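All remarks here apply to the structure that follows.
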Amino acid sequence: MDPQTQYRPSPTRRSILAFAAGLPLAGTLAACGSSGPGTSESDSSGGGSGTGASFWTLSGKPQEDIRKQAVDEFNASHSDTPIEITLFQNDAYKQKVKTALGAGQAPTILWGWGGGGLKSWVDAGQVEDLTDFFTENADLKDTIFPAAFGAATIDDKVYALPCETVTPIVMFWNKSAFEKVGVEPPQSWGDILDLVPKFNNAGIAPFSLGGQSRWTNMMWLEFLFDRIGGPEVFQAVFDGEKDAWSNPDAITALTEMQKLIEMNGFIKGFASITADSNADQALLYSGRAAMMLHGAWTYGGMKNDGGDFVTGGHLGYMNFPPVDGGKGDPSDSVGNPAQYLSISAKASDDEKAAAKAFLAESQFTDSIQQAWIDSGNIPVAQGSDSLIGSGEDADWLNFQYGIASGAKSFAQSWDQALPPTQAEVLLDNIAKLFQMSITPQQFASNLNAVIGK
């Protein structure tokens, strides 16, 4: 099984229009690794001595420049054990890693998305257990947002270093639409349901949604499962517990979801709207929809394409509100908690030593954290907000930092957390649930049937 196929590249879902804090928007950044155009390339960065370590990762501007910078800075002080970086486009990388692992020729350091892909590597004995490494490097572990370790942990052991950036899913709202209707942003799930008829009566769709893309619908369920039942509900699915999707809190969440749909909570025709076209964003910034639940990566697109919607202060944003009586912590988040570096279990002792030094010393220097901040992203590092500055996007960046650093649980997107077979069945049934063609109980039954596959 390809350990990365659960991640399906999408230029809209996983790409952020890069913006430097206080600087004009320019270029694109893949928040979760979508590389964009480019060709595979290798940069030895002083390697070739055979006493260092090899590192495979993704190309695509500007993230490849930051990854190269981390390697170059490390090699400058470790010339005897250099890291040799090789860059691949997204799809080429996934195939190359699959082939290399199967042939016993994997690089020393593997870049990945954590979750289901990492678990497949662990199950096959392909990557090193880093639990003791983090015990020996307690300061490094304390630097990283605690919630980012969830997607790096399999059976209570840590197999990857959370690194690079964090991208939460947030609730956006159009301030002008709220002012027109004379209402305030929702503070609870009950408030959301109360707002639906008010916006519909005013001729404004309560929520924009690119429902044809399926994973956009999934974000709603991820939050409802968490807010109603806590992170334990989906964790049971990830752990392969029998009939985990039939948890009463899961059924309640699915029922509440269909209640919102039946109330016309979403833009008419949402099932034919694609996220790749950015049409869902346009509905929000044009005022045709009042709210939108989406990834933080959409901020750049709305700033670039929405006229003065962002720069004029018309965009509001918040974490998903609590559900009355729910067990979940309202500080919890979902989305992309980090990117991840693992070490090949088949590497030599010298290669592993060089790789561990690279993991310990290269990813959280001030210069690397500043580079991620300047690209419009939040590093997965405690205190990185001190590098944000006071540019025009500072409030937005500080908001993201607040969510990421304060989340007691930061769940990985379900279709990345689960292996490919389960992920596809999940997305298919989510589409049916939103089309009201199956009941919550049928949804649970269909998903229970593929647990563990």
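Chain lettering (A, B, ...) mirrors the order of the structure tokens, residue numbering begins at 1 for each chain separately, and ligand numbering begins at 1 in order of display.
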Please identify which residues in segment 194-372 of chain A DSSP calls helix (DSSP H, G or I) from the backbone, and express them as a PyMOL selection string. chain A and resi 194-201+211-213+215-229+232-238+244-246+248-262+270-272+279-285+298-305+349-362+366-372
I need the residues of segment 257-345 of chain A that end up classed as strand (DSSP E or B) by DSSP on the backbone, written out as a PyMOL selection string. chain A and resi 266+289-295+315-318+333-336+339-344
Would you kindly return, as a PyMOL selection string, each protein, DNA or RNA residue with an atom no farther than 9 Å from any atom of Leu140 of chain A, considering only C-alpha atoms and excluding same-chain residues fewer than 4 positions away? chain A and resi 134+144+360-361+364
Just want the 8 Å neighbourhood of Gly211 of chain A, counted on only C-alpha atoms, with same-chain residues fewer than 5 positions away dropped. Output as number ranges by chain. A: 216-217, 270-275, 431
List every residue of segment 49-156 of chain A that has an atom at most 8 Å from any atom of segment 377-389 of chain A, and for each one report the closest atom pair and its distance in Å to one decimal, counting only C-alpha atoms, with rows sorted by chain and then by increasing residue number, as CSV.
residue,atom,partner,partner_atom,distance
A:Asp142,CA,A:Gln382,CA,7.9
A:Thr143,CA,A:Gln382,CA,5.3
A:Ile144,CA,A:Ala381,CA,4.6
A:Phe145,CA,A:Val380,CA,5.6
A:Ala148,CA,A:Val380,CA,7.5
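For the set A:Gly60, A:Asp72, A:Pro107, A:Glu351, the residue with the smallest atom-to-atom gap to Asn90 of chain A is A:Gly60, counting only C-alpha atoms.
For segment 235-239 of chain A, the set of protein, DNA and RNA residues having any atom at most 9 Å away, when counting only C-alpha atoms and skipping those fewer than 2 positions along the same chain, is Gly115, Gly116, Asp155, Pro231, Glu232, Val233, Glu241, Lys242, Asp243, Ala244, Trp245, Trp414, Ala417, Leu418, Asn448, Ile451 and Gly452 of chain A.
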